[in-house]
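Participant: Input structure: model.pdb, which contains PDB, C-alpha atoms.
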```pdb
ATOM      1  CA  MET D 498      70.251 110.358 103.132
ATOM      2  CA  CYS D 499      72.324 108.036 105.342
ATOM      3  CA  VAL D 500      72.342 104.459 104.084
ATOM      4  CA  LYS D 501      73.486 101.608 106.350
ATOM      5  CA  VAL D 502      75.399  98.997 104.354
ATOM      6  CA  VAL D 503      76.773  95.700 105.690
ATOM      7  CA  THR D 504      79.351  93.859 103.594
ATOM      8  CA  ILE D 505      79.895  90.207 104.493
ATOM      9  CA  GLY D 506      83.372  89.178 103.344
ATOM     10  CA  GLY D 507      86.542  91.270 103.508
ATOM     11  CA  GLY D 508      88.347  89.917 100.456
ATOM     12  CA  PRO D 509      89.359  92.226  97.599
ATOM     13  CA  ALA D 510      85.843  92.379  96.140
ATOM     14  CA  GLY D 511      84.141  93.159  99.428
ATOM     15  CA  LEU D 512      86.718  95.750 100.484
ATOM     16  CA  TYR D 513      86.727  97.516  97.134
ATOM     17  CA  PHE D 514      82.944  97.665  96.962
ATOM     18  CA  ALA D 515      82.835  99.062 100.497
ATOM     19  CA  LEU D 516      85.372 101.812  99.871
ATOM     20  CA  LEU D 517      83.661 102.852  96.641
ATOM     21  CA  LEU D 518      80.334 103.173  98.489
ATOM     22  CA  LYS D 519      81.940 105.348 101.131
ATOM     23  CA  GLN D 520      83.789 107.385  98.524
ATOM     24  CA  HIS D 521      80.529 108.010  96.669
ATOM     25  CA  ASP D 522      78.786 109.324  99.772
ATOM     26  CA  ALA D 523      80.639 109.847 103.056
ATOM     27  CA  SER D 524      77.345 109.819 104.992
ATOM     28  CA  HIS D 525      76.829 106.106 104.276
ATOM     29  CA  GLN D 526      77.490 103.827 107.252
ATOM     30  CA  VAL D 527      79.505 100.974 105.747
ATOM     31  CA  THR D 528      80.640  97.999 107.844
ATOM     32  CA  VAL D 529      82.728  95.058 106.582
ATOM     33  CA  PHE D 530      82.724  91.729 108.433
ATOM     34  CA  GLU D 531      85.591  89.343 107.657
ATOM     35  CA  ARG D 532      86.026  85.896 109.223
ATOM     36  CA  ASN D 533      89.844  85.929 108.950
ATOM     37  CA  GLY D 534      92.243  88.255 110.732
ATOM     38  CA  SER D 535      93.407  91.498 109.168
ATOM     39  CA  ALA D 536      96.844  90.022 108.393
ATOM     40  CA  ASP D 537      95.600  86.671 107.064
ATOM     41  CA  ALA D 538      95.954  86.065 103.338
ATOM     42  CA  TYR D 539      95.685  82.554 101.937
ATOM     43  CA  GLY D 540      97.047  82.258  98.432
ATOM     44  CA  TRP D 541      99.867  84.140  96.752
ATOM     45  CA  GLY D 542      99.815  86.538  93.793
ATOM     46  CA  VAL D 543      96.888  88.255  92.077
ATOM     47  CA  VAL D 544      97.042  89.150  88.364
ATOM     48  CA  PHE D 545      95.490  92.214  86.716
ATOM     49  CA  SER D 546      94.914  92.787  83.020
ATOM     50  CA  GLU D 547      95.297  96.243  81.486
ATOM     51  CA  GLN D 548      91.499  96.533  81.113
ATOM     52  CA  THR D 549      91.006  95.829  84.813
ATOM     53  CA  LEU D 550      93.572  98.498  85.653
ATOM     54  CA  ASP D 551      91.764 101.018  83.474
ATOM     55  CA  ASN D 552      88.534 100.301  85.361
ATOM     56  CA  LEU D 553      90.362 100.569  88.685
ATOM     57  CA  ARG D 554      91.865 103.946  87.803
ATOM     58  CA  ALA D 555      88.481 105.326  86.722
ATOM     59  CA  ALA D 556      86.767 104.139  89.905
ATOM     60  CA  ASP D 557      89.326 105.210  92.540
ATOM     61  CA  ALA D 558      92.571 106.882  91.471
ATOM     62  CA  GLU D 559      94.104 106.742  94.962
ATOM     63  CA  SER D 560      93.852 102.965  95.398
ATOM     64  CA  TYR D 561      94.937 102.579  91.766
ATOM     65  CA  ARG D 562      98.161 104.499  92.493
ATOM     66  CA  ALA D 563      98.875 102.538  95.666
ATOM     67  CA  ILE D 564      98.349  99.200  93.929
ATOM     68  CA  THR D 565     100.305  99.965  90.756
ATOM     69  CA  GLU D 566     103.279 101.268  92.745
ATOM     70  CA  ARG D 567     103.701  97.735  94.138
ATOM     71  CA  PHE D 568     103.262  95.862  90.865
ATOM     72  CA  ALA D 569     105.463  93.346  89.147
ATOM     73  CA  ARG D 570     104.911  93.684  85.389
ATOM     74  CA  TRP D 571     105.587  91.482  82.375
ATOM     75  CA  ASP D 572     104.634  91.207  78.698
ATOM     76  CA  ASP D 573     105.732  87.681  77.724
ATOM     77  CA  ILE D 574     104.063  84.300  78.050
ATOM     78  CA  ASP D 575     106.463  81.329  78.017
ATOM     79  CA  VAL D 576     105.079  77.851  77.342
ATOM     80  CA  HIS D 577     107.366  74.917  78.178
ATOM     81  CA  VAL D 578     106.158  71.737  76.485
ATOM     82  CA  LYS D 579     107.880  68.603  75.123
ATOM     83  CA  GLY D 580     111.352  70.052  75.640
ATOM     84  CA  GLU D 581     110.626  73.317  73.817
ATOM     85  CA  THR D 582     109.878  76.842  74.968
ATOM     86  CA  ILE D 583     107.378  78.916  72.999
ATOM     87  CA  THR D 584     107.266  82.656  73.778
ATOM     88  CA  SER D 585     104.398  85.021  73.002
ATOM     89  CA  SER D 586     104.931  88.740  73.671
ATOM     90  CA  GLY D 587     102.933  91.929  74.149
ATOM     91  CA  HIS D 588     100.265  90.825  76.623
ATOM     92  CA  GLY D 589     100.588  93.453  79.364
ATOM     93  CA  PHE D 590      99.964  91.728  82.689
ATOM     94  CA  SER D 591     100.684  92.923  86.226
ATOM     95  CA  GLY D 592     100.852  91.013  89.511
ATOM     96  CA  ILE D 593     100.780  91.871  93.194
ATOM     97  CA  ALA D 594     100.915  89.867  96.421
ATOM     98  CA  ARG D 595      97.426  89.097  97.704
ATOM     99  CA  ARG D 596      98.488  90.166 101.212
ATOM    100  CA  THR D 597      99.742  93.514  99.852
ATOM    101  CA  LEU D 598      96.554  94.059  97.871
ATOM    102  CA  LEU D 599      94.384  93.381 100.921
ATOM    103  CA  GLN D 600      96.447  95.752 103.074
ATOM    104  CA  ILE D 601      96.147  98.550 100.500
ATOM    105  CA  LEU D 602      92.382  98.118 100.254
ATOM    106  CA  GLN D 603      91.996  97.863 104.037
ATOM    107  CA  ASP D 604      93.974 101.074 104.541
ATOM    108  CA  ARG D 605      92.057 102.922 101.834
ATOM    109  CA  ALA D 606      88.680 101.764 103.170
ATOM    110  CA  ALA D 607      89.601 102.712 106.751
ATOM    111  CA  SER D 608      90.818 106.150 105.637
ATOM    112  CA  LEU D 609      87.383 106.792 104.124
ATOM    113  CA  GLY D 610      85.611 105.785 107.318
ATOM    114  CA  VAL D 611      84.607 102.190 106.557
ATOM    115  CA  ASP D 612      84.186 100.154 109.761
ATOM    116  CA  LEU D 613      86.346  97.013 109.349
ATOM    117  CA  ARG D 614      85.694  94.108 111.717
ATOM    118  CA  PHE D 615      87.893  91.014 111.540
ATOM    119  CA  GLY D 616      87.570  87.571 113.101
ATOM    120  CA  VAL D 617      83.773  87.560 112.668
ATOM    121  CA  ASP D 618      82.397  84.482 110.919
ATOM    122  CA  VAL D 619      78.958  85.493 109.642
ATOM    123  CA  ARG D 620      76.804  82.440 108.921
ATOM    124  CA  ASP D 621      73.602  84.297 107.988
ATOM    125  CA  ASP D 622      72.242  87.833 107.801
ATOM    126  CA  HIS D 623      69.816  87.583 110.712
ATOM    127  CA  ASP D 624      71.788  90.043 112.870
ATOM    128  CA  PHE D 625      71.680  92.747 110.199
ATOM    129  CA  ARG D 626      67.939  93.268 109.760
ATOM    130  CA  ASP D 627      68.340  97.007 110.379
ATOM    131  CA  ALA D 628      70.744  97.404 107.443
ATOM    132  CA  ASP D 629      69.479  99.083 104.290
ATOM    133  CA  VAL D 630      71.722  96.950 102.067
ATOM    134  CA  ILE D 631      73.475  93.640 102.786
ATOM    135  CA  VAL D 632      76.317  92.876 100.379
ATOM    136  CA  ALA D 633      77.295  89.200 100.222
ATOM    137  CA  ALA D 634      80.951  89.033  99.148
ATOM    138  CA  ASP D 635      81.634  85.787 100.993
ATOM    139  CA  GLY D 636      83.114  83.820  98.123
ATOM    140  CA  VAL D 637      82.461  80.779  96.003
ATOM    141  CA  ASN D 638      80.967  78.909  98.982
ATOM    142  CA  SER D 639      78.795  81.846 100.029
ATOM    143  CA  THR D 640      76.564  81.034 102.991
ATOM    144  CA  ILE D 641      74.293  83.978 102.138
ATOM    145  CA  ARG D 642      73.802  82.684  98.600
ATOM    146  CA  ARG D 643      72.860  79.278 100.007
ATOM    147  CA  GLU D 644      70.473  80.851 102.516
ATOM    148  CA  TYR D 645      68.520  82.512  99.698
ATOM    149  CA  ALA D 646      69.155  79.875  97.034
ATOM    150  CA  GLY D 647      65.466  79.776  96.153
ATOM    151  CA  ALA D 648      65.588  83.449  95.186
ATOM    152  CA  PHE D 649      69.042  83.648  93.579
ATOM    153  CA  GLU D 650      68.739  80.275  91.790
ATOM    154  CA  PRO D 651      72.502  79.619  91.706
ATOM    155  CA  ASP D 652      74.070  77.259  89.191
ATOM    156  CA  VAL D 653      77.374  75.868  90.498
ATOM    157  CA  ASP D 654      79.370  73.837  87.991
ATOM    158  CA  LEU D 655      82.171  72.104  89.914
ATOM    159  CA  ARG D 656      84.822  71.022  87.410
ATOM    160  CA  SER D 657      86.802  67.795  87.730
ATOM    161  CA  ALA D 658      90.333  69.246  87.364
ATOM    162  CA  ARG D 659      92.347  69.637  90.561
ATOM    163  CA  TYR D 660      94.701  72.459  91.502
ATOM    164  CA  LEU D 661      97.093  73.450  94.287
ATOM    165  CA  TRP D 662      97.970  77.149  94.759
ATOM    166  CA  LEU D 663     101.590  77.408  95.870
ATOM    167  CA  GLY D 664     104.385  79.963  95.889
ATOM    168  CA  THR D 665     108.130  79.871  95.290
ATOM    169  CA  THR D 666     111.221  82.048  95.670
ATOM    170  CA  ARG D 667     112.078  81.268  92.032
ATOM    171  CA  LEU D 668     111.402  84.514  90.140
ATOM    172  CA  PHE D 669     109.802  84.001  86.717
ATOM    173  CA  ASP D 670     110.247  86.854  84.245
ATOM    174  CA  ALA D 671     107.283  85.782  82.105
ATOM    175  CA  PHE D 672     103.838  84.314  82.667
ATOM    176  CA  THR D 673     105.116  80.731  82.548
ATOM    177  CA  PHE D 674     103.203  77.568  81.645
ATOM    178  CA  ILE D 675     104.963  74.241  82.205
ATOM    179  CA  PHE D 676     103.629  70.881  80.996
ATOM    180  CA  VAL D 677     105.035  67.623  82.349
ATOM    181  CA  GLU D 678     104.101  64.167  81.093
ATOM    182  CA  ALA D 679     104.698  61.211  83.418
ATOM    183  CA  ALA D 680     103.305  57.666  83.369
ATOM    184  CA  GLU D 681     100.512  58.512  80.904
ATOM    185  CA  SER D 682      99.528  61.519  83.019
ATOM    186  CA  VAL D 683      99.858  65.247  82.377
ATOM    187  CA  TYR D 684     100.609  67.924  84.958
ATOM    188  CA  GLN D 685     100.676  71.667  84.358
ATOM    189  CA  ALA D 686     102.036  74.548  86.371
ATOM    190  CA  HIS D 687     101.504  78.205  85.662
ATOM    191  CA  ALA D 688     103.801  80.609  87.438
ATOM    192  CA  TYR D 689     104.337  84.353  87.599
ATOM    193  CA  ARG D 690     106.336  86.779  89.740
ATOM    194  CA  PHE D 691     104.243  89.103  91.904
ATOM    195  CA  ASP D 692     106.948  90.944  93.893
ATOM    196  CA  ASP D 693     110.729  91.122  94.216
ATOM    197  CA  GLU D 694     111.007  87.920  96.250
ATOM    198  CA  ARG D 695     108.351  85.410  95.193
ATOM    199  CA  SER D 696     106.302  83.953  92.388
ATOM    200  CA  ALA D 697     102.950  82.206  92.434
ATOM    201  CA  PHE D 698     103.117  78.571  91.318
ATOM    202  CA  ILE D 699      99.783  76.864  90.624
ATOM    203  CA  VAL D 700      99.816  73.147  89.818
ATOM    204  CA  GLU D 701      96.878  71.654  87.897
ATOM    205  CA  CYS D 702      95.933  68.235  86.553
ATOM    206  CA  ASP D 703      92.916  66.198  85.536
ATOM    207  CA  GLU D 704      91.418  63.770  88.016
ATOM    208  CA  ARG D 705      93.047  60.689  86.497
ATOM    209  CA  SER D 706      96.507  62.281  86.701
ATOM    210  CA  TRP D 707      95.753  63.499  90.231
ATOM    211  CA  LYS D 708      94.973  59.972  91.377
ATOM    212  CA  GLY D 709      97.800  58.508  89.299
ATOM    213  CA  ALA D 710     100.363  60.530  91.250
ATOM    214  CA  GLY D 711      98.731  59.579  94.555
ATOM    215  CA  PHE D 712      97.819  63.183  95.288
ATOM    216  CA  ASP D 713      94.364  62.074  96.440
ATOM    217  CA  ALA D 714      95.997  60.432  99.479
ATOM    218  CA  MET D 715      98.520  63.205 100.274
ATOM    219  CA  ASP D 716      98.323  66.016 102.787
ATOM    220  CA  VAL D 717      99.767  69.428 101.979
ATOM    221  CA  ALA D 718     103.367  68.619 103.008
ATOM    222  CA  ALA D 719     103.489  65.465 100.886
ATOM    223  CA  SER D 720     101.836  67.247  97.950
ATOM    224  CA  VAL D 721     104.365  70.078  98.029
ATOM    225  CA  ALA D 722     107.284  67.639  98.129
ATOM    226  CA  ALA D 723     105.876  65.668  95.195
ATOM    227  CA  CYS D 724     105.346  68.849  93.144
ATOM    228  CA  GLU D 725     108.913  69.955  93.873
ATOM    229  CA  ARG D 726     110.187  66.684  92.392
ATOM    230  CA  LEU D 727     107.826  66.911  89.417
ATOM    231  CA  PHE D 728     108.827  70.471  88.450
ATOM    232  CA  ALA D 729     112.425  70.452  89.715
ATOM    233  CA  PRO D 730     113.982  71.311  86.286
ATOM    234  CA  TRP D 731     112.150  74.669  86.291
ATOM    235  CA  LEU D 732     112.572  75.533  89.967
ATOM    236  CA  ASN D 733     116.375  75.871  89.707
ATOM    237  CA  GLY D 734     116.888  74.575  93.234
ATOM    238  CA  HIS D 735     114.214  76.768  94.798
ATOM    239  CA  ARG D 736     111.555  75.369  97.121
ATOM    240  CA  LEU D 737     107.801  75.478  96.750
ATOM    241  CA  LEU D 738     105.932  77.302  99.532
ATOM    242  CA  GLU D 739     102.427  76.850 100.919
ATOM    243  CA  ASN D 740     100.101  78.820 103.186
ATOM    244  CA  THR D 741      97.099  76.521 103.054
ATOM    245  CA  PRO D 742      94.068  77.296 105.257
ATOM    246  CA  PRO D 743      93.903  74.976 108.295
ATOM    247  CA  HIS D 744      90.736  73.189 107.156
ATOM    248  CA  LEU D 745      92.404  72.164 103.861
ATOM    249  CA  ARG D 746      95.753  70.921 105.147
ATOM    250  CA  ASP D 747      94.804  67.244 105.069
ATOM    251  CA  HIS D 748      93.188  67.521 101.628
ATOM    252  CA  PRO D 749      94.720  70.602  99.984
ATOM    253  CA  TRP D 750      93.762  70.046  96.339
ATOM    254  CA  ALA D 751      90.773  72.108  95.210
ATOM    255  CA  ARG D 752      88.494  72.105  92.169
ATOM    256  CA  PHE D 753      87.460  75.041  90.029
ATOM    257  CA  ALA D 754      83.829  76.101  90.306
ATOM    258  CA  ARG D 755      81.898  78.210  87.836
ATOM    259  CA  VAL D 756      79.153  80.042  89.718
ATOM    260  CA  SER D 757      76.288  81.892  88.073
ATOM    261  CA  ASN D 758      72.948  83.076  89.418
ATOM    262  CA  ARG D 759      69.632  83.783  87.758
ATOM    263  CA  ARG D 760      69.320  86.835  90.014
ATOM    264  CA  TRP D 761      72.045  88.881  91.715
ATOM    265  CA  HIS D 762      69.828  90.580  94.295
ATOM    266  CA  HIS D 763      66.946  89.606  96.554
ATOM    267  CA  GLY D 764      65.214  92.222  98.663
ATOM    268  CA  LYS D 765      68.080  94.172 100.231
ATOM    269  CA  VAL D 766      70.661  91.377  99.775
ATOM    270  CA  VAL D 767      73.131  91.781  96.894
ATOM    271  CA  LEU D 768      75.693  89.256  95.605
ATOM    272  CA  ILE D 769      79.128  90.413  94.397
ATOM    273  CA  GLY D 770      82.513  88.812  93.771
TER     274      GLY D 770
END
```
Can I see the file as structure tokens?
Facilitator:
Amino acid sequence: MCVKVVTIGGGPAGLYFALLLKQHDASHQVTVFERNGSADAYGWGVVFSEQTLDNLRAADAESYRAITERFARWDDIDVHVKGETITSSGHGFSGIARRTLLQILQDRAASLGVDLRFGVDVRDDHDFRDADVIVAADGVNSTIRREYAGAFEPDVDLRSARYLWLGTTRLFDAFTFIFVEAAESVYQAHAYRFDDERSAFIVECDERSWKGAGFDAMDVAASVAACERLFAPWLNGHRLLENTPPHLRDHPWARFARVSNRRWHHGKVVLIG
């Protein structure tokens, strides 16, 4: 039986779900709609645990091989705090560039016959009434989840801590946590290499520290410059890099959200990611 599936959101979760559907049954008509372009990738590295890799290998060996061939791997965690470095070994993490991961999943999905459509900003599911299944993989701010909030009953807990997802050409050999105290405030960075040229560098702080540094009044360029000064001893002369989405450039600091739903499906609409 041919099943028509529409996936809204072409991030890693949406792409992977789509290719697995097509792999399971080639007769399925699977279409992915993504608001960004095929080459757009905001953010930097993505980390996989060994358990996630085991699940990936069991689900689709071909995409598993393509992804793991591009991995940066490490076992150590280094914590830099109060002038000391504490190392913990044997953790088994792997990282890959988000852009590389998306390209691998796009190529694998297309090779299986998934219809990938980019530059389409889907605001609701009204144009897909003829689909048998509508998969909402449109992220933490899902418009589909909001549209059917009465059915899904989402619980969104927006935390107060702020973070800025940056990159750097400084290559870290371990999963690195750096704590800096300044003017009764605390700032943390966690950094990890995800390819041969770059590392991810995520800066976090509580709201009081965020305001204390003046980050609440800074755009992305000013924030990057301030973070470079704050973490200069660990950057070894390297610069911090940003690829912030246009709508966040004036106010680039984000907050972590914990999203849960009482129900994960409603009629033919399914939430993933």
Participant: To one decimal place in Å, what is the distance between CA of Arg695 in chain D and CA of Pro509 in chain D?
Facilitator: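 Computing the Euclidean distance for CA of Arg695 in chain D and CA of Pro509 in chain D yields 20.3 Å.
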Participant: Select, from D:Ala680, D:Ala718, D:Cys724, D:Val617, the residue with the minimum atom-to-atom distance to Val700 in chain D, counting only C-alpha atoms.
Facilitator: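 Nearest to Val700 in chain D: D:Cys724.
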Participant: Which one of D:Ala633, D:Leu661, D:Ala754, D:Leu613 sits closest to Ala723 in chain D if you count all atoms listed in the file?
Facilitator: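 Nearest to Ala723 in chain D: D:Leu661.
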Participant: Could you give me, as a PyMOL selection string, the residues within 9 Å of Gly587 in chain D, counting all atoms listed in the file and dropping anything in the same chain fewer than 5 positions from it?
Facilitator: chain D and resi 571-574
Participant: When the PyMOL selection byres ((chain D and resi 542) around 8) is applied to the structure above, which residues does it catch, written out as number ranges by chain?
Facilitator: D: 540-541, 543-544, 592-595, 689-691, 696-697
Participant: Please enumerate the residues selected by the PyMOL selection byres ((chain D and resi 736) around 12) when evaluated against the supplied file, formatted as a list of chain:residue names.
Facilitator: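 For this structure, the PyMOL selection byres ((chain D and resi 736) around 12) captures D:Leu663, D:Gly664, D:Thr665, D:Thr666, D:Arg667, D:Leu668, D:Arg695, D:Ser696, D:Ala697, D:Phe698, D:Val721, D:Ala722, D:Ala723, D:Cys724, D:Glu725, D:Arg726, D:Phe728, D:Ala729, D:Pro730, D:Trp731, D:Leu732, D:Asn733, D:Gly734, D:His735, D:Leu737, D:Leu738, D:Glu739.
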Participant: Near Tyr513 in chain D, counting all atoms listed in the file, which residues have an atom at most 9 Å away, once you skip same-chain residues fewer than 5 positions from it, shown as a list in words?
Facilitator: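 Here the answer would be Gly507, Gly508, Leu518, Leu602, Gln603, Arg605 and Ala606 of chain D.
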Participant: What does the distance from CA of Asp575 in chain D to CA of Val683 in chain D come to in Å, to one decimal?
Facilitator: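 These atoms are spaced 17.9 Å apart.
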Participant: In Å, how far is it from CA of Leu517 in chain D to CA of Arg760 in chain D?
Facilitator: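 One can read the CA of Leu517 in chain D to CA of Arg760 in chain D distance as 22.5 Å.
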Participant: Can you turn the PyMOL selection byres ((chain D and resi 564) around 9) into a concrete residue list for this file, as a ChimeraX atom specification?
Facilitator: /D:559-563,565-568,593,597-598,601-602
Participant: Using only C-alpha atoms, find the one residue out of D:Trp761, D:Ile769, D:Ala569, D:Asp713 that sits nearest to Ala515 in chain D.
Facilitator: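 Checking each candidate against Ala515 in chain D, we get D:Ile769 as the closest.
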Participant: Which is closest to Asp629 in chain D among D:Val500, D:Gly506, D:Gly770, D:Ala751, if we use all atoms listed in the file?
Facilitator: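 Once distances to Asp629 in chain D are computed over all atoms listed in the file, the minimum belongs to D:Val500.
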Participant: Counting all atoms listed in the file, which residue out of D:Phe674, D:Asp627, D:Val529, D:Asp622 sits closest to Glu581 in chain D?
Facilitator: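 Smallest separation from Glu581 in chain D among the options: D:Phe674.
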Participant: Once 6 Å is added on each side, what are the centre and the three edge lengths, in Å to one decimal, of the axis-aligned box enclosing the listed atoms of range 609-623 of chain D? Present them as JSON.
Facilitator:
```
{"center_x": 78.9, "center_y": 94.6, "center_z": 108.6, "size_x": 30.1, "size_y": 36.4, "size_z": 21.0}
```
Participant: Name the closest residue to Phe615 in chain D among the candidates D:Val527, D:Leu745, D:Ala536, D:Val717; distances are taken between atoms, counting only C-alpha atoms.
Facilitator: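 Looking only at the distances to Phe615 in chain D, the closest residue turns out to be D:Ala536.
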Participant: With only C-alpha atoms as the counted atoms, please give the residues lying no more than 12 Å from Ile631 in chain D, apart from itself and same-chain residues fewer than 3 positions off, as a VMD selection string.
Facilitator: chain D and resid 500 to 506 511 514 to 515 526 to 530 619 621 to 628 634 to 635 641 to 642 762 to 769
Participant: So which residues touch Arg759 in chain D within 12 Å, counting only C-alpha atoms, skipping near sequence neighbours fewer than 4 positions away, as a compact mmCIF listing (two decimals) with C-alpha atoms, keeping the file's coordinate frame?
Facilitator:
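Once everything was written out, this is around28.txt:
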```txt
# COMPACT_ATOMS: atom_id res chain seq x y z
CA ARG D 642 73.80 82.68 98.60
CA ALA D 646 69.16 79.88 97.03
CA GLY D 647 65.47 79.78 96.15
CA ALA D 648 65.59 83.45 95.19
CA PHE D 649 69.04 83.65 93.58
CA GLU D 650 68.74 80.28 91.79
CA PRO D 651 72.50 79.62 91.71
CA ASP D 652 74.07 77.26 89.19
CA VAL D 653 77.37 75.87 90.50
CA HIS D 763 66.95 89.61 96.55
CA LEU D 768 75.69 89.26 95.60
```
